[in-house]
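Undergrad: My structure is stored as coords_30.cif, with mmCIF, C-alpha atoms.
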data_structure
#
loop_
_atom_site.label_atom_id
_atom_site.label_comp_id
_atom_site.auth_asym_id
_atom_site.auth_seq_id
_atom_site.Cartn_x
_atom_site.Cartn_y
_atom_site.Cartn_z
CA MET N 1 86.53 71.11 106.52
CA HIS N 2 89.72 72.51 105.03
CA PRO N 3 91.81 74.54 107.49
CA ILE N 4 93.59 76.64 104.91
CA ASN N 5 92.12 79.85 103.56
CA SER N 6 92.54 80.10 99.83
CA ASN N 7 94.45 83.01 98.38
CA LYS N 8 91.20 84.11 96.73
CA LYS N 9 89.50 84.38 100.12
CA ASN N 10 92.45 86.37 101.49
CA THR N 11 92.40 88.66 98.47
CA LEU N 12 88.66 89.36 98.77
CA SER N 13 89.11 90.06 102.49
CA TRP N 14 92.02 92.44 101.76
CA LEU N 15 89.95 94.37 99.19
CA TRP N 16 87.02 94.57 101.62
CA LEU N 17 89.32 95.85 104.40
CA MET N 18 90.82 98.49 102.07
CA ALA N 19 87.34 99.65 101.00
CA LEU N 20 86.09 99.82 104.61
CA THR N 21 89.17 101.84 105.61
CA VAL N 22 88.54 104.46 102.92
CA ILE N 23 84.81 104.57 103.79
CA SER N 24 85.51 105.06 107.53
CA THR N 25 87.99 107.86 106.80
CA PHE N 26 85.58 109.92 104.73
CA ILE N 27 82.20 108.89 106.17
CA GLY N 28 82.15 112.11 108.19
CA LEU N 29 81.67 114.04 104.94
CA VAL N 30 78.23 112.49 104.36
CA ILE N 31 77.00 111.89 107.93
CA ASN N 32 76.40 115.10 109.87
CA ASN N 33 74.80 113.55 112.95
CA LYS N 34 77.62 113.04 115.52
CA ALA N 35 76.15 109.95 117.20
CA LEU N 36 75.37 108.25 113.88
CA PHE N 37 78.88 109.10 112.62
CA ILE N 38 80.53 107.56 115.71
CA VAL N 39 78.33 104.44 115.56
CA SER N 40 79.10 104.04 111.82
CA VAL N 41 82.87 104.35 112.31
CA LEU N 42 82.86 101.95 115.26
CA PHE N 43 80.69 99.44 113.38
CA ILE N 44 83.27 99.50 110.58
CA VAL N 45 85.95 98.77 113.23
CA PHE N 46 83.97 95.65 114.16
CA LEU N 47 83.59 94.58 110.51
CA LYS N 48 87.33 95.01 109.88
CA GLY N 49 88.27 93.22 113.09
CA GLN N 50 86.03 90.31 112.17
CA GLN N 51 87.75 89.96 108.78
CA ILE N 52 91.22 89.95 110.35
CA ILE N 53 90.19 87.43 113.03
CA ASP N 54 88.33 85.03 110.76
CA ILE N 55 90.32 85.26 107.54
CA PHE N 56 93.87 86.51 108.22
CA MET N 57 94.24 84.92 111.69
CA GLU N 58 92.29 81.86 110.48
CA LEU N 59 90.32 81.73 113.72
CA SER N 60 87.13 80.76 111.87
CA GLN N 61 88.78 77.32 111.79
CA ALA N 62 89.98 77.47 115.41
CA PRO N 63 88.18 76.26 118.56
CA LYS N 64 85.10 78.41 119.18
CA PHE N 65 86.45 79.70 122.53
CA TRP N 66 89.36 81.54 120.92
CA ARG N 67 87.33 82.90 118.03
CA ARG N 68 84.65 84.20 120.42
CA LEU N 69 87.29 85.72 122.69
CA LEU N 70 88.84 87.74 119.86
CA LEU N 71 85.47 88.63 118.29
CA GLY N 72 84.34 89.70 121.78
CA TYR N 73 87.26 92.12 121.85
CA VAL N 74 86.36 93.84 118.57
CA THR N 75 82.70 93.90 119.62
CA LEU N 76 82.93 95.07 123.24
CA LEU N 77 85.72 97.62 122.85
CA PRO N 78 83.91 99.67 120.13
CA ILE N 79 80.69 99.46 122.22
CA ILE N 80 82.49 100.79 125.31
CA ILE N 81 84.19 103.54 123.29
CA GLY N 82 80.86 104.39 121.65
CA PHE N 83 79.15 104.73 125.03
CA ILE N 84 81.94 107.00 126.29
CA TYR N 85 81.65 109.28 123.26
CA ILE N 86 77.87 109.36 122.93
CA LEU N 87 76.62 109.34 126.55
CA MET Y 1 90.76 58.56 97.74
CA ASN Y 2 89.29 62.04 97.74
CA ARG Y 3 91.14 65.20 96.72
CA ALA Y 4 91.73 66.34 100.29
CA SER Y 5 93.59 63.20 101.21
CA GLU Y 6 95.76 63.45 98.09
CA LEU Y 7 97.09 66.87 99.07
CA THR Y 8 100.31 67.05 101.05
CA LEU Y 9 100.10 70.15 103.21
CA VAL Y 10 102.85 71.21 105.60
CA GLY Y 11 101.70 71.14 109.20
CA ILE Y 12 98.29 69.71 108.55
CA SER Y 13 97.51 66.03 108.66
CA ASN Y 14 94.32 64.59 107.23
CA GLY Y 15 93.00 64.18 110.76
CA GLN Y 16 93.60 67.82 111.53
CA MET Y 17 91.65 68.82 108.43
CA LEU Y 18 88.56 67.50 110.14
CA GLU Y 19 89.11 69.12 113.52
CA LYS Y 20 89.35 72.72 114.63
CA ARG Y 21 92.84 73.80 115.66
CA LEU Y 22 94.34 77.00 117.02
CA PRO Y 23 97.06 78.28 114.67
CA GLY Y 24 100.40 78.74 116.41
CA ASP Y 25 101.50 78.24 120.00
CA LEU Y 26 99.06 78.60 122.90
CA ALA Y 27 101.66 80.75 124.71
CA MET Y 28 101.61 83.26 121.83
CA TRP Y 29 97.83 83.54 122.09
CA PHE Y 30 98.06 84.33 125.80
CA PHE Y 31 100.69 86.93 124.95
CA ILE Y 32 98.35 88.39 122.29
CA LEU Y 33 95.51 88.54 124.86
CA ALA Y 34 97.80 90.40 127.28
CA GLU Y 35 98.77 92.89 124.57
CA LEU Y 36 95.13 93.42 123.57
CA THR Y 37 94.23 94.10 127.21
CA VAL Y 38 96.95 96.74 127.59
CA PHE Y 39 95.85 98.50 124.41
CA ALA Y 40 92.17 98.31 125.44
CA ILE Y 41 93.06 100.21 128.64
CA LEU Y 42 94.93 102.83 126.59
CA PHE Y 43 92.07 103.20 124.08
CA ILE Y 44 89.44 103.57 126.81
CA GLY Y 45 91.71 106.02 128.66
CA PHE Y 46 92.04 108.06 125.47
CA ALA Y 47 88.26 108.15 124.93
CA VAL Y 48 87.59 109.16 128.55
CA SER Y 49 90.25 111.90 128.38
CA GLU Y 50 88.68 113.18 125.17
CA GLN Y 51 85.30 113.49 126.86
CA LEU Y 52 86.93 115.38 129.75
CA ASN Y 53 88.96 117.71 127.47
CA SER Y 54 86.90 117.83 124.28
CA VAL Y 55 88.14 121.23 123.02
CA MET Y 56 91.79 120.28 123.52
CA PHE Y 57 91.29 116.96 121.71
CA ILE Y 58 89.43 118.58 118.78
CA GLU Y 59 92.27 121.10 118.37
CA GLY Y 60 94.88 118.37 118.75
CA LYS Y 61 93.26 116.08 116.17
CA ALA Y 62 93.06 119.02 113.75
CA LYS Y 63 96.87 119.22 113.84
CA LEU Y 64 97.28 115.55 112.86
CA HIS Y 65 97.69 114.49 109.25
CA GLN Y 66 94.64 112.30 108.62
CA ILE Y 67 95.86 111.10 105.22
CA SER Y 68 99.09 109.78 106.77
CA GLY Y 69 96.91 107.81 109.20
CA LEU Y 70 94.93 106.48 106.24
CA ILE Y 71 98.12 105.51 104.37
CA ASN Y 72 99.41 103.71 107.47
CA THR Y 73 96.15 101.79 107.83
CA LEU Y 74 96.28 100.69 104.19
CA THR Y 75 99.95 99.65 104.49
CA LEU Y 76 99.40 97.56 107.62
CA ILE Y 77 96.35 95.83 106.10
CA THR Y 78 98.31 95.09 102.92
CA SER Y 79 101.31 93.86 104.88
CA SER Y 80 99.01 91.57 106.88
CA PHE Y 81 97.53 90.30 103.62
CA PHE Y 82 100.98 89.30 102.32
CA VAL Y 83 101.75 87.51 105.60
CA ALA Y 84 98.48 85.55 105.18
CA LEU Y 85 99.53 84.64 101.61
CA ALA Y 86 102.97 83.62 102.90
CA LEU Y 87 101.41 81.27 105.47
CA ASN Y 88 99.27 79.71 102.74
CA ALA Y 89 102.38 79.17 100.61
CA MET Y 90 104.20 77.61 103.58
CA HIS Y 91 101.30 75.26 104.26
CA LYS Y 92 101.77 74.04 100.70
CA GLY Y 93 105.50 73.52 101.33
CA GLU Y 94 106.55 76.45 99.13
CA GLY Y 95 109.25 77.85 101.41
CA LYS Y 96 110.97 80.11 98.87
CA LYS Y 97 107.70 81.65 97.71
CA SER Y 98 106.63 82.14 101.31
CA ALA Y 99 109.92 83.92 102.12
CA LYS Y 100 109.48 86.25 99.14
CA LEU Y 101 105.94 87.14 100.27
CA LEU Y 102 107.24 87.87 103.77
CA VAL Y 103 109.91 90.19 102.35
CA ILE Y 104 107.16 92.10 100.50
CA ALA Y 105 105.16 92.30 103.75
CA LYS Y 106 108.17 93.78 105.55
CA LEU Y 107 108.91 96.28 102.77
CA ILE Y 108 105.31 97.50 102.97
CA ALA Y 109 105.64 97.77 106.76
CA CYS Y 110 108.70 99.97 106.18
CA VAL Y 111 106.36 102.47 104.47
CA TYR Y 112 104.34 102.56 107.72
CA ILE Y 113 107.49 103.29 109.74
CA ALA Y 114 108.64 106.00 107.30
CA VAL Y 115 105.22 107.71 107.38
CA LYS Y 116 105.10 107.52 111.19
CA ILE Y 117 108.56 109.09 111.52
CA TRP Y 118 107.59 111.80 109.02
CA GLU Y 119 104.44 112.49 111.05
CA TYR Y 120 106.42 112.79 114.30
CA MET Y 121 108.99 115.08 112.65
CA SER Y 122 106.31 117.36 111.19
CA LEU Y 123 104.77 117.70 114.68
CA PHE Y 124 108.18 118.43 116.21
CA ASP Y 125 108.65 121.14 113.55
CA GLN Y 126 105.47 122.77 114.92
CA ASN Y 127 107.02 122.64 118.43
CA ILE Y 128 104.58 119.91 119.41
CA ASP Y 129 105.89 117.06 121.55
CA ILE Y 130 104.77 114.63 124.26
CA GLU Y 131 104.63 117.42 126.89
CA THR Y 132 102.48 119.83 124.86
CA ASN Y 133 99.16 118.75 126.41
CA THR Y 134 97.16 115.67 127.46
CA PHE Y 135 96.09 114.94 123.89
CA PHE Y 136 99.64 114.82 122.56
CA THR Y 137 100.88 112.92 125.61
CA LEU Y 138 98.36 110.19 124.83
CA TYR Y 139 98.89 110.48 121.07
CA PHE Y 140 102.67 109.99 121.30
CA MET Y 141 102.38 107.33 124.00
CA ILE Y 142 99.81 105.16 122.17
CA THR Y 143 101.24 105.54 118.65
CA PHE Y 144 104.86 105.05 119.79
CA PHE Y 145 103.86 102.00 121.83
CA HIS Y 146 102.18 100.63 118.71
CA LEU Y 147 105.24 101.48 116.61
CA MET Y 148 107.36 99.40 119.02
CA HIS Y 149 105.02 96.48 118.39
CA VAL Y 150 105.42 96.93 114.63
CA LEU Y 151 109.22 96.82 115.05
CA LEU Y 152 109.01 93.71 117.24
CA GLY Y 153 106.69 92.12 114.68
CA MET Y 154 109.21 92.87 111.92
CA VAL Y 155 112.00 91.20 113.91
CA ILE Y 156 109.80 88.12 114.29
CA LEU Y 157 109.02 88.16 110.55
CA ILE Y 158 112.76 88.35 109.77
CA PHE Y 159 113.36 85.14 111.75
CA ILE Y 160 110.39 83.43 110.08
CA THR Y 161 111.59 84.52 106.62
CA ALA Y 162 115.06 83.06 107.20
CA LYS Y 163 113.59 79.73 108.30
CA ALA Y 164 111.02 79.67 105.48
CA ALA Y 165 113.70 80.37 102.86
CA LYS Y 166 115.60 77.31 104.10
CA ASN Y 167 112.39 75.24 104.07
CA GLU Y 168 112.85 74.52 107.76
CA TYR Y 169 109.13 74.39 108.49
CA ASN Y 170 107.50 70.99 108.21
CA ALA Y 171 104.45 69.06 109.34
CA SER Y 172 105.57 68.90 112.97
CA ASN Y 173 107.15 72.34 113.06
CA ILE Y 174 105.07 75.17 111.62
CA SER Y 175 103.53 76.64 114.74
CA GLY Y 176 106.40 79.15 114.99
CA PHE Y 177 105.40 80.57 111.60
CA GLU Y 178 101.73 80.63 112.58
CA SER Y 179 102.52 82.33 115.90
CA GLY Y 180 104.55 85.06 114.21
CA ALA Y 181 101.84 85.60 111.60
CA SER Y 182 99.16 85.84 114.31
CA TYR Y 183 101.23 88.42 116.19
CA TRP Y 184 101.55 90.48 113.01
CA HIS Y 185 97.79 90.33 112.41
CA MET Y 186 97.24 91.48 116.01
CA VAL Y 187 99.44 94.54 115.35
CA ASP Y 188 97.29 95.26 112.28
CA MET Y 189 94.06 94.79 114.26
CA LEU Y 190 95.19 97.20 116.98
CA TRP Y 191 95.90 99.90 114.42
CA ILE Y 192 92.44 99.37 112.94
CA ILE Y 193 91.00 100.46 116.31
CA LEU Y 194 93.64 103.13 116.94
CA PHE Y 195 93.20 104.87 113.57
CA PRO Y 196 89.52 105.89 113.90
CA LEU Y 197 89.93 106.68 117.59
CA ILE Y 198 92.80 109.15 117.10
CA TYR Y 199 92.42 110.34 113.50
CA VAL Y 200 88.76 109.99 112.47
CA ILE Y 201 86.26 110.42 115.33
#
Produce structure tokens that represent the structure in this file.

TA:
Amino acid sequence: MHPINSNKKNTLSWLWLMALTVISTFIGLVINNKALFIVSVLFIVFLKGQQIIDIFMELSQAPKFWRRLLLGYVTLLPIIIGFIYIL
Amino acid sequence: MNRASELTLVGISNGQMLEKRLPGDLAMWFFILAELTVFAILFIGFAVSEQLNSVMFIEGKAKLHQISGLINTLTLITSSFFVALALNAMHKGEGKKSAKLLVIAKLIACVYIAVKIWEYMSLFDQNIDIETNTFFTLYFMITFFHLMHVLLGMVILIFITAKAAKNEYNASNISGFESGASYWHMVDMLWIILFPLIYVI
């Protein structure tokens, strides 16, 4: 295993994050259902958080405990926020 | 001898290539966890307040400049990307290149600060401030608190840049760089949650 992310991997992750940001900003224009809109936006938050944790923070190469802790944050927090908004 | 063992990478021995390691200092990661917890409370508090005052929050969000929020998200992501590139360069022992990439990251972060100040000023021009209502109290509190973290992150990056430019990081001393980079990525990650919560939903 090589602990260093290549610049190519970082670049692809950056482009993916930029695309997801633009999609989440304007997704409300194509999704009229409020609950589906909120779930979509919060799912994108998870996808973006996962990229930052695994690629930029390099936690995909860290001990599982720390990776799971951070991934848990970007998973649980959007779920809690989603429940507050939808229920 | 395989290719991996031929490479000389700053901060990473051949043994470490085979084992999982946490980048940076453990103390920094506990600090990051504490910061994430504080922001989680603020984000949940914001969402609960929105459910309790939905009309006020809809009207408040309508007065925000969504495109400036989008620009700030793109700038922080891009800044984080350059910090990741800088760490890669430092791992390869390219201190000067790493320092240059960090300077670019900081310049991009300056765009975030400029846009945030412009956004605050445009709200002040509309006679909107932290005391206007619950929405703007939370808006100013959360975004200003985040702005303070961006400024702290920039101070950390300035120290890292100075050390990287002098090639002061080496195999036994790169965790400071990794800690600073991780903090910067945390600031980016927090905005990624903050942006949809305040500007999009």

Undergrad: For chain N against chain Y, which residues fall within 8 Å using all atoms listed in the file, given as number ranges by chain?

TA: N: 1-7, 10-11, 14, 17-18, 21-22, 24-25, 37-38, 41-42, 45, 48-49, 52, 56-59, 61-63, 66, 77, 80-81, 84-85

Undergrad: Work out how far apart CA of Asn127 in chain Y and CA of Ile113 in chain Y are and give it in Å to one decimal.

TA: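 Calculated distance between CA of Asn127 in chain Y and CA of Ile113 in chain Y is 21.2 Å.
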
Undergrad: Quick check on the file I pasted: which residues fall under the PyMOL selection byres ((chain Y and resi 132-145) around 10)? Write them as a PyMOL selection string.

TA: chain Y and resi 39+42-43+45-46+49-50+53-54+56-61+64+116-117+120+123+127-131+146-150+191+194-195+198-199

Undergrad: Could you tell me how far CA of Val103 in chain Y lies from CA of Met154 in chain Y, in Å and to one decimal?

TA: 10.0 Å

Undergrad: Using Å and a single decimal, report how far CA of Pro78 in chain N sits from CA of Asn32 in chain N.

TA: 20.0 Å

Undergrad: Which is closer to Ile53 in chain N than all the others in N:Lys8, N:Asn33, N:Gly82, N:Leu69, using all atoms listed in the file?

TA: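 Distance minimum relative to Ile53 in chain N lands on N:Leu69.
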